[in-house]
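Structure file upload.txt (compact mmCIF, C-alpha atoms) follows.
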```
# COMPACT_ATOMS: atom_id res chain seq x y z
CA MET A 1 0.00 0.00 0.00
CA ARG A 2 1.41 3.38 -0.99
CA ARG A 3 1.42 6.14 1.63
CA ARG A 4 1.88 9.86 1.03
CA LEU A 5 4.11 11.72 3.49
CA ASP A 6 4.05 15.52 3.88
CA VAL A 7 7.45 16.53 5.23
CA ALA A 8 9.03 19.71 6.61
CA TYR A 9 12.64 20.26 7.58
CA ASP A 10 15.30 22.81 8.45
CA GLY A 11 18.03 22.03 5.93
CA THR A 12 20.88 23.72 7.82
CA GLU A 13 22.48 20.57 9.18
CA PHE A 14 21.67 18.30 6.23
CA SER A 15 23.73 17.43 3.16
CA GLY A 16 20.58 17.80 1.08
CA TRP A 17 17.64 15.45 0.59
CA ALA A 18 19.23 12.47 -1.17
CA ALA A 19 20.78 9.67 0.88
CA GLN A 20 24.60 9.64 0.67
CA PRO A 21 27.04 7.28 2.39
CA GLY A 22 28.60 8.88 5.45
CA ARG A 23 26.47 12.04 5.27
CA ARG A 24 23.43 13.18 7.18
CA THR A 25 20.51 13.64 4.77
CA VAL A 26 16.76 14.14 5.05
CA GLN A 27 15.99 11.00 3.07
CA GLY A 28 18.34 9.02 5.28
CA GLU A 29 16.68 10.23 8.49
CA VAL A 30 13.14 9.59 7.22
CA GLN A 31 13.97 6.13 5.89
CA THR A 32 15.72 5.16 9.12
CA ALA A 33 12.77 6.37 11.17
CA LEU A 34 10.30 4.42 9.03
CA THR A 35 12.27 1.18 9.25
CA THR A 36 12.43 1.64 13.03
CA VAL A 37 8.77 2.32 13.74
CA LEU A 38 7.42 -0.14 11.14
CA ARG A 39 10.06 -2.82 11.85
CA LEU A 40 10.85 -3.19 8.16
CA PRO A 41 14.18 -4.30 6.64
CA ALA A 42 14.09 -1.24 4.34
CA ALA A 43 11.81 1.66 3.39
CA ALA A 44 12.55 3.47 0.11
CA VAL A 45 11.19 7.03 0.21
CA THR A 46 10.69 9.02 -3.02
CA CYS A 47 10.29 12.82 -2.84
CA ALA A 48 8.75 15.43 -5.14
CA GLY A 49 11.98 17.41 -5.46
CA ARG A 50 15.48 16.74 -4.22
CA THR A 51 16.69 19.77 -2.29
CA ASP A 52 20.37 20.73 -2.10
CA ALA A 53 22.45 20.95 1.04
CA GLY A 54 21.18 23.74 3.28
CA VAL A 55 17.82 24.18 1.51
CA HIS A 56 14.71 24.03 3.70
CA ALA A 57 11.20 22.70 3.10
CA ARG A 58 7.74 23.39 4.47
CA GLY A 59 5.90 21.46 1.77
CA GLN A 60 8.00 18.50 0.64
CA VAL A 61 5.88 15.54 -0.52
CA CYS A 62 7.05 11.93 -0.55
CA HIS A 63 5.71 8.44 -1.01
CA VAL A 64 6.65 5.08 0.47
CA ASP A 65 5.27 1.59 -0.11
CA VAL A 66 4.50 -0.28 3.11
CA PRO A 67 2.34 -3.23 4.22
CA ASP A 68 -1.38 -2.42 4.00
CA THR A 69 -1.79 -3.07 7.73
CA VAL A 70 0.02 0.19 8.50
CA GLN A 71 -2.42 2.87 9.68
CA PRO A 72 -1.51 6.47 8.68
CA ALA A 73 -2.41 8.17 11.96
CA ASP A 74 -0.35 5.68 13.95
CA VAL A 75 2.69 6.13 11.68
CA ARG A 76 2.65 9.93 12.06
CA ARG A 77 2.54 9.74 15.85
CA ARG A 78 5.28 7.14 16.08
CA LEU A 79 7.57 8.96 13.65
CA ALA A 80 7.39 12.09 15.78
CA GLY A 81 8.94 10.08 18.61
CA VAL A 82 12.04 9.00 16.68
CA LEU A 83 12.77 11.72 14.12
CA PRO A 84 15.28 14.47 15.03
CA ALA A 85 13.95 17.93 15.83
CA ASP A 86 14.91 19.42 12.44
CA VAL A 87 12.66 17.14 10.36
CA ARG A 88 8.97 16.33 10.79
CA VAL A 89 6.49 14.18 8.90
CA ARG A 90 3.48 16.47 9.25
CA ALA A 91 0.91 14.18 7.64
CA VAL A 92 0.62 10.57 6.51
CA SER A 93 -2.23 9.52 4.22
CA VAL A 94 -3.27 6.73 1.87
CA ALA A 95 -2.05 7.68 -1.61
CA ALA A 96 -4.58 7.73 -4.44
CA ASP A 97 -4.19 5.16 -7.22
CA GLY A 98 -1.42 6.16 -9.60
CA PHE A 99 0.18 8.63 -7.18
CA ASP A 100 3.94 9.18 -7.55
CA ALA A 101 5.37 11.98 -5.42
CA ARG A 102 7.93 12.90 -8.08
CA PHE A 103 6.38 12.19 -11.45
CA SER A 104 2.74 13.00 -10.67
CA ALA A 105 3.59 16.54 -9.59
CA LEU A 106 2.36 19.38 -11.81
CA TRP A 107 4.50 22.07 -10.19
CA ARG A 108 6.81 22.92 -7.31
CA ARG A 109 6.77 26.30 -5.57
CA TYR A 110 9.86 27.70 -3.88
CA ALA A 111 10.45 30.91 -1.94
CA TYR A 112 13.76 32.71 -1.61
CA ARG A 113 14.01 35.32 1.16
CA VAL A 114 16.45 38.23 1.16
CA CYS A 115 17.00 41.04 3.68
CA ASP A 116 18.65 44.01 1.97
CA ASP A 117 19.00 45.91 5.25
CA PRO A 118 21.45 43.69 7.15
CA ALA A 119 21.08 45.71 10.35
CA ALA A 120 17.36 44.85 10.37
CA LEU A 121 17.78 41.08 9.88
CA ASP A 122 16.12 39.18 12.73
CA PRO A 123 18.90 37.06 14.31
CA LEU A 124 16.37 34.28 14.88
CA ARG A 125 15.88 34.01 11.09
CA ARG A 126 19.53 34.18 10.04
CA ARG A 127 19.50 30.52 8.96
CA HIS A 128 16.57 31.09 6.59
CA VAL A 129 17.14 34.56 5.11
CA LEU A 130 20.01 35.84 2.96
CA ALA A 131 21.58 39.07 4.22
CA TRP A 132 22.28 41.35 1.24
CA PRO A 133 24.56 44.38 1.75
CA ARG A 134 22.93 46.72 -0.79
CA PRO A 135 19.34 47.97 -1.34
CA LEU A 136 17.34 46.07 -3.96
CA ASP A 137 14.90 47.48 -6.51
CA VAL A 138 12.09 44.91 -6.55
CA HIS A 139 10.39 46.62 -9.52
CA GLN A 140 13.52 46.22 -11.65
CA MET A 141 13.89 42.58 -10.60
CA ASN A 142 10.31 41.87 -11.69
CA THR A 143 10.93 43.57 -15.02
CA ALA A 144 13.97 41.35 -15.55
CA ALA A 145 12.09 38.22 -14.43
CA ARG A 146 9.16 38.42 -16.84
CA PRO A 147 10.97 37.26 -20.02
CA LEU A 148 12.30 34.21 -18.15
CA THR A 149 8.89 32.60 -17.66
CA GLY A 150 7.66 29.94 -20.08
CA GLU A 151 9.32 26.85 -21.51
CA HIS A 152 13.06 27.34 -22.05
CA ASP A 153 16.38 25.58 -21.87
CA PHE A 154 17.70 26.83 -18.50
CA ALA A 155 21.24 25.50 -19.04
CA ALA A 156 22.61 29.00 -18.34
CA PHE A 157 21.34 28.85 -14.76
CA CYS A 158 21.80 25.13 -13.97
CA ARG A 159 24.46 22.64 -13.13
CA ARG A 160 24.19 19.98 -15.82
CA ARG A 161 23.83 16.28 -15.07
CA GLU A 162 24.96 13.71 -17.63
CA GLY A 163 22.02 12.54 -19.74
CA ALA A 164 19.50 14.94 -18.14
CA THR A 165 17.62 17.69 -19.93
CA THR A 166 17.69 21.30 -18.71
CA ILE A 167 14.42 22.22 -20.43
CA ARG A 168 11.83 23.36 -17.92
CA THR A 169 8.60 25.38 -17.86
CA LEU A 170 8.91 28.31 -15.46
CA LEU A 171 5.33 29.15 -14.51
CA ASP A 172 5.95 32.12 -12.22
CA LEU A 173 8.93 34.21 -11.10
CA CYS A 174 8.19 37.37 -9.19
CA TRP A 175 9.32 39.39 -6.18
CA GLU A 176 7.44 41.20 -3.46
CA ARG A 177 8.10 42.71 -0.06
CA ASP A 178 6.59 40.84 2.86
CA ARG A 179 5.27 42.54 6.01
CA ASP A 180 8.76 42.45 7.55
CA GLY A 181 10.31 44.20 4.56
CA LEU A 182 12.06 41.12 3.18
CA ALA A 183 12.36 40.76 -0.59
CA VAL A 184 10.77 37.37 -1.30
CA ALA A 185 11.00 35.59 -4.65
CA ARG A 186 8.14 33.28 -5.63
CA VAL A 187 9.44 30.67 -8.08
CA VAL A 188 7.08 28.07 -9.60
CA ALA A 189 7.96 25.53 -12.29
CA ASP A 190 6.91 22.10 -13.45
CA ALA A 191 10.35 20.92 -12.31
CA PHE A 192 13.78 22.38 -11.55
CA CYS A 193 17.36 21.61 -12.52
CA HIS A 194 20.18 21.49 -9.99
CA SER A 195 20.87 25.03 -8.63
CA MET A 196 18.33 26.55 -11.05
CA VAL A 197 16.42 28.62 -8.47
CA ARG A 198 19.59 29.92 -6.84
CA GLY A 199 21.06 30.83 -10.23
CA LEU A 200 17.93 32.72 -11.26
CA VAL A 201 17.80 34.54 -7.93
CA GLY A 202 21.48 35.46 -8.16
CA ALA A 203 21.01 36.95 -11.63
CA LEU A 204 18.01 38.99 -10.51
CA LEU A 205 19.81 40.29 -7.42
CA SER A 206 22.50 41.66 -9.72
CA VAL A 207 19.76 43.61 -11.49
CA GLY A 208 18.13 44.70 -8.23
CA GLU A 209 21.33 46.21 -6.86
CA GLY A 210 22.04 48.02 -10.16
CA ARG A 211 25.10 46.08 -11.36
CA ARG A 212 23.23 44.73 -14.40
CA ASP A 213 20.41 46.09 -16.52
CA ALA A 214 16.99 44.44 -16.67
CA ALA A 215 17.66 42.85 -20.08
CA TRP A 216 20.73 40.93 -18.91
CA PRO A 217 19.11 37.77 -17.42
CA ALA A 218 17.13 37.17 -20.64
CA ALA A 219 20.34 37.53 -22.67
CA VAL A 220 22.05 35.00 -20.40
CA LEU A 221 19.14 32.59 -20.86
CA ALA A 222 19.24 32.95 -24.65
CA ALA A 223 22.95 32.05 -24.73
CA GLY A 224 22.02 28.52 -23.67
CA ARG A 225 25.16 27.69 -21.70
CA ARG A 226 26.31 28.00 -18.11
CA ASP A 227 27.41 31.59 -17.53
CA PRO A 228 30.15 32.05 -14.89
CA SER A 229 29.01 35.63 -14.30
CA VAL A 230 25.73 34.35 -12.81
CA ARG A 231 26.14 34.25 -9.06
CA VAL A 232 24.55 31.16 -7.46
CA VAL A 233 23.33 32.49 -4.13
CA ALA A 234 23.60 30.66 -0.80
CA ALA A 235 21.24 27.77 -0.12
CA HIS A 236 19.91 28.90 3.26
CA GLY A 237 17.53 31.54 1.84
CA LEU A 238 15.64 28.91 -0.16
CA SER A 239 12.61 26.88 0.92
CA LEU A 240 10.36 24.39 -0.89
CA GLU A 241 6.92 25.70 0.03
CA GLU A 242 4.38 23.59 -1.87
CA VAL A 243 3.93 20.87 -4.51
CA GLY A 244 0.83 20.75 -6.73
CA TYR A 245 -0.84 17.59 -8.08
CA PRO A 246 -3.70 16.94 -10.51
CA ALA A 247 -7.03 15.36 -9.59
CA PRO A 248 -6.77 11.72 -8.42
CA GLY A 249 -7.98 10.33 -11.73
CA GLU A 250 -5.20 12.13 -13.62
CA LEU A 251 -2.22 11.13 -11.45
CA ALA A 252 -1.04 8.16 -13.51
CA VAL A 253 -1.35 10.04 -16.81
CA ARG A 254 0.64 12.94 -15.43
CA ALA A 255 3.36 10.55 -14.17
CA GLU A 256 3.68 9.04 -17.63
CA GLN A 257 3.94 12.48 -19.25
CA ALA A 258 6.60 13.63 -16.77
CA ARG A 259 8.83 10.65 -17.52
CA ALA A 260 9.16 11.68 -21.18
CA VAL A 261 12.40 13.47 -22.12
CA ARG A 262 11.60 17.02 -23.22
CA THR A 263 12.89 18.92 -26.22
CA LEU A 264 12.17 22.45 -27.38
CA PRO A 265 10.17 23.03 -30.56
CA SER A 266 12.30 23.76 -33.63
```
Structure rendered as structure tokens:
Amino acid sequence: MRRRLDVAYDGTEFSGWAAQPGRRTVQGEVQTALTTVLRLPAAAVTCAGRTDAGVHARGQVCHVDVPDTVQPADVRRRLAGVLPADVRVRAVSVAADGFDARFSALWRRYAYRVCDDPAALDPLRRRHVLAWPRPLDVHQMNTAARPLTGEHDFAAFCRRREGATTIRTLLDLCWERDRDGLAVARVVADAFCHSMVRGLVGALLSVGEGRRDAAWPAAVLAAGRRDPSVRVVAAHGLSLEEVGYPAPGELAVRAEQARAVRTLPS
């Protein structure tokens, strides 16, 4: 029986999501906790989006296949007793037919938080907000962000993986000030490449502080290759906020579509 897990974590002390020998990871902690409370030899957990070292999550979604005798409410309570304080399984539910946490997802939404008045940065939020030394023009950053939305090859902002495509559909990229005065980027895409959000944010911060003009990020994108002048910002300002899925009857179809290798139209 497949179970859906809704997971939150503070990524500060983790070497990212994916299990790695000799390193502390979110996947490793969750899998260990599941094998302990369910007394299983192994529990393979699949997530909606692998986060890098230091990246946080409020809305990570995972799935795990377990014996059908396992009751969701009981698993949630028992996991809370064995997981470390920086990771929590907030909900456990029976997954709908065809549900795959990774491939059924329609979109992932991230937030990147920046304080451009370092003297005003709340010390209690220093692990989750980037301190920026110069004032940022949010209007200019939004102007620069608009041409980046849509389906593109984001190779200029990503770290390539052998055999993987860098074509993605960026659904939303915009900035606003929150009630505390932080500049917060909302970044939504069907999927993301490695370091893609942090590369996009770094390019837009260069515009916001006046070092680059608003047309520069689109020119970088059009070049189609990794640009060393794009600053990849620190991981700790980034958080996976939410993952969107289609209606239950469309989950399997969406998973099949997502597995196809994408190419851009000629």
Could you state the separation of CA of Arg127 (chain A) and CA of Arg177 (chain A) in Å, given to one decimal place? 19.0 Å
Using all atoms listed in the file, determine which residues lie at most 12 Å from His194 (chain A), disregarding the query and same-chain residues fewer than 2 positions distant; provide the list as a ChimeraX atom specification. /A:16,49-53,154-162,164-168,191-192,196-200,232,235
For the residues selected in the previous step, produce a file with C-alpha atoms as a compact mmCIF listing (two decimals), in the frame of the given file.
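Final output, saved to result31.txt:
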```txt
# COMPACT_ATOMS: atom_id res chain seq x y z
CA GLY A 16 20.58 17.80 1.08
CA GLY A 49 11.98 17.41 -5.46
CA ARG A 50 15.48 16.74 -4.22
CA THR A 51 16.69 19.77 -2.29
CA ASP A 52 20.37 20.73 -2.10
CA ALA A 53 22.45 20.95 1.04
CA PHE A 154 17.70 26.83 -18.50
CA ALA A 155 21.24 25.50 -19.04
CA ALA A 156 22.61 29.00 -18.34
CA PHE A 157 21.34 28.85 -14.76
CA CYS A 158 21.80 25.13 -13.97
CA ARG A 159 24.46 22.64 -13.13
CA ARG A 160 24.19 19.98 -15.82
CA ARG A 161 23.83 16.28 -15.07
CA GLU A 162 24.96 13.71 -17.63
CA ALA A 164 19.50 14.94 -18.14
CA THR A 165 17.62 17.69 -19.93
CA THR A 166 17.69 21.30 -18.71
CA ILE A 167 14.42 22.22 -20.43
CA ARG A 168 11.83 23.36 -17.92
CA ALA A 191 10.35 20.92 -12.31
CA PHE A 192 13.78 22.38 -11.55
CA MET A 196 18.33 26.55 -11.05
CA VAL A 197 16.42 28.62 -8.47
CA ARG A 198 19.59 29.92 -6.84
CA GLY A 199 21.06 30.83 -10.23
CA LEU A 200 17.93 32.72 -11.26
CA VAL A 232 24.55 31.16 -7.46
CA ALA A 235 21.24 27.77 -0.12
```
Who sits within 9 Å of region 203-208 of chain A, all atoms listed in the file, same chain under 6 positions skipped, as a PDB file with C-alpha atoms, keeping the file's coordinate frame:
```pdb
ATOM      1  CA  PRO A 135      19.340  47.970  -1.340  1.00  0.00           C
ATOM      2  CA  LEU A 136      17.340  46.070  -3.960  1.00  0.00           C
ATOM      3  CA  ASP A 137      14.900  47.480  -6.510  1.00  0.00           C
ATOM      4  CA  VAL A 138      12.090  44.910  -6.550  1.00  0.00           C
ATOM      5  CA  HIS A 139      10.390  46.620  -9.520  1.00  0.00           C
ATOM      6  CA  GLN A 140      13.520  46.220 -11.650  1.00  0.00           C
ATOM      7  CA  MET A 141      13.890  42.580 -10.600  1.00  0.00           C
ATOM      8  CA  ASN A 142      10.310  41.870 -11.690  1.00  0.00           C
ATOM      9  CA  ALA A 144      13.970  41.350 -15.550  1.00  0.00           C
ATOM     10  CA  ALA A 145      12.090  38.220 -14.430  1.00  0.00           C
ATOM     11  CA  PHE A 157      21.340  28.850 -14.760  1.00  0.00           C
ATOM     12  CA  ALA A 214      16.990  44.440 -16.670  1.00  0.00           C
ATOM     13  CA  ALA A 215      17.660  42.850 -20.080  1.00  0.00           C
ATOM     14  CA  TRP A 216      20.730  40.930 -18.910  1.00  0.00           C
ATOM     15  CA  PRO A 217      19.110  37.770 -17.420  1.00  0.00           C
ATOM     16  CA  SER A 229      29.010  35.630 -14.300  1.00  0.00           C
ATOM     17  CA  VAL A 230      25.730  34.350 -12.810  1.00  0.00           C
ATOM     18  CA  ARG A 231      26.140  34.250  -9.060  1.00  0.00           C
ATOM     19  CA  VAL A 232      24.550  31.160  -7.460  1.00  0.00           C
TER      20      VAL A 232
END
```
Determine, counting all atoms listed in the file, every residue of protein, DNA or RNA that lies within 8 Å of (2.9, 3.6, -7.3) in the file coordinates, then give the result as a list in words.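 Checking each residue against the 8 Å limit leaves Arg2, Asp65, Asp97, Gly98, Phe99 and Asp100 of chain A.
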Just C-alpha atoms for this one: save the residues we selected as a PDB file, in the frame of the given file.
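Contents of the output file out08.pdb:
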```pdb
ATOM      1  CA  ARG A   2       1.410   3.380  -0.990  1.00  0.00           C
ATOM      2  CA  ASP A  65       5.270   1.590  -0.110  1.00  0.00           C
ATOM      3  CA  ASP A  97      -4.190   5.160  -7.220  1.00  0.00           C
ATOM      4  CA  GLY A  98      -1.420   6.160  -9.600  1.00  0.00           C
ATOM      5  CA  PHE A  99       0.180   8.630  -7.180  1.00  0.00           C
ATOM      6  CA  ASP A 100       3.940   9.180  -7.550  1.00  0.00           C
TER       7      ASP A 100
END
```
Go through A:Leu34, A:Leu106, A:Ala8, A:Ala95 one by one, measure the shortest atom-to-atom distance of each to Gln257 (chain A) using all atoms listed in the file, and give the residue with the smallest value.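 Ranked by minimum distance to Gln257 (chain A), first place goes to A:Leu106.
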Counting all atoms listed in the file, note down every residue that has an atom within 7 Å of the point (10.3, 35.5, -10.9) (file coordinates), as a list in words. Asn142, Ala145, Arg146, Asp172, Leu173, Cys174, Trp175, Ala185, Arg186 and Val187 of chain A
Under the rule that only C-alpha atoms are counted, which of A:Val261, A:Cys47, A:Cys193, A:Ala33 is the nearest residue to Val82 (chain A)?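 Nearest to Val82 (chain A): A:Ala33.
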Residue nearest Tyr9 (chain A) - candidates A:Gly224, A:Gly244, A:Gly54, A:Gly181, atoms counted: all atoms listed in the file: A:Gly54
Rounded to one decimal place, report the CA of Val92 (chain A)-CA of Val37 (chain A) distance in Å. 13.7 Å
I want to know what sits within 12 Å of Leu121 (chain A), based on all atoms listed in the file, with residues of the same chain fewer than 2 positions away left out; could you give that as a PyMOL selection string? chain A and resi 113-119+123-133+180-183
Could you state the separation of CA of Arg78 (chain A) and CA of Thr32 (chain A) in Å, given to one decimal place?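 Between these atoms lies a distance of 12.7 Å.
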Which polymer residues have any atom within 9 Å of an atom of Ala85 (chain A), counting all atoms listed in the file, with same-chain residues fewer than 3 positions away left out, as a list in words?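 With the cut-off at 9 Å, the set is Tyr9, Asp10, Ala80 and Arg88 of chain A.
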Could you check the closest approach to Tyr245 (chain A) for each of A:Leu83, A:Ala44, A:Ala73, A:Ala105 and tell me which residue wins, using only C-alpha atoms?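 Checking each of A:Leu83, A:Ala44, A:Ala73, A:Ala105 against Tyr245 (chain A), counting only C-alpha atoms, the winner is A:Ala105.
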Identify, on the basis of all atoms listed in the file, every residue whose closest approach to Asp6 (chain A) does not exceed 7 Å; exclude the query and any residue fewer than 2 positions from it along the same chain; express the result as a list in words.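 Final neighbour list, sorted by chain and number: Arg4, Gly59, Gln60, Val61, Cys62, Val89, Arg90, Ala91 and Val92 of chain A.
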Complete region 42-53 of chain A at the level of N, CA, C and O atoms, written as a tab-separated table (two decimals), keeping the file's coordinate frame.
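Wrote result_15.tsv, looks like this:
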```tsv
chain	number	residue	atom	x	y	z
A	42	ALA	N	13.74	-2.44	5.13
A	42	ALA	CA	14.09	-1.24	4.34
A	42	ALA	C	12.81	-0.49	4.02
A	42	ALA	O	11.72	-1.07	4.00
A	43	ALA	N	12.95	0.83	3.79
A	43	ALA	CA	11.81	1.66	3.39
A	43	ALA	C	12.33	2.71	2.42
A	43	ALA	O	13.01	3.66	2.83
A	44	ALA	N	12.06	2.54	1.13
A	44	ALA	CA	12.55	3.47	0.11
A	44	ALA	C	11.58	4.63	-0.05
A	44	ALA	O	10.43	4.44	-0.45
A	45	VAL	N	12.03	5.84	0.25
A	45	VAL	CA	11.19	7.03	0.21
A	45	VAL	C	11.54	7.86	-1.03
A	45	VAL	O	12.70	8.18	-1.27
A	46	THR	N	10.52	8.20	-1.82
A	46	THR	CA	10.69	9.02	-3.02
A	46	THR	C	10.07	10.39	-2.76
A	46	THR	O	8.95	10.48	-2.26
A	47	CYS	N	10.80	11.47	-3.11
A	47	CYS	CA	10.29	12.82	-2.84
A	47	CYS	C	9.91	13.52	-4.14
A	47	CYS	O	10.29	13.12	-5.24
A	48	ALA	N	9.18	14.63	-3.99
A	48	ALA	CA	8.75	15.43	-5.14
A	48	ALA	C	9.91	16.19	-5.77
A	48	ALA	O	9.94	16.40	-6.98
A	49	GLY	N	10.85	16.64	-4.95
A	49	GLY	CA	11.98	17.41	-5.46
A	49	GLY	C	13.16	17.32	-4.53
A	49	GLY	O	13.05	17.65	-3.35
A	50	ARG	N	14.29	16.87	-5.05
A	50	ARG	CA	15.48	16.74	-4.22
A	50	ARG	C	16.07	18.12	-3.92
A	50	ARG	O	16.47	18.84	-4.85
A	51	THR	N	16.13	18.48	-2.68
A	51	THR	CA	16.69	19.77	-2.29
A	51	THR	C	18.19	19.64	-2.02
A	51	THR	O	18.66	18.60	-1.57
A	52	ASP	N	18.92	20.72	-2.31
A	52	ASP	CA	20.37	20.73	-2.10
A	52	ASP	C	20.71	20.91	-0.63
A	52	ASP	O	19.85	21.25	0.20
A	53	ALA	N	21.97	20.74	-0.32
A	53	ALA	CA	22.45	20.95	1.04
A	53	ALA	C	22.10	22.35	1.52
A	53	ALA	O	22.36	23.33	0.82
```
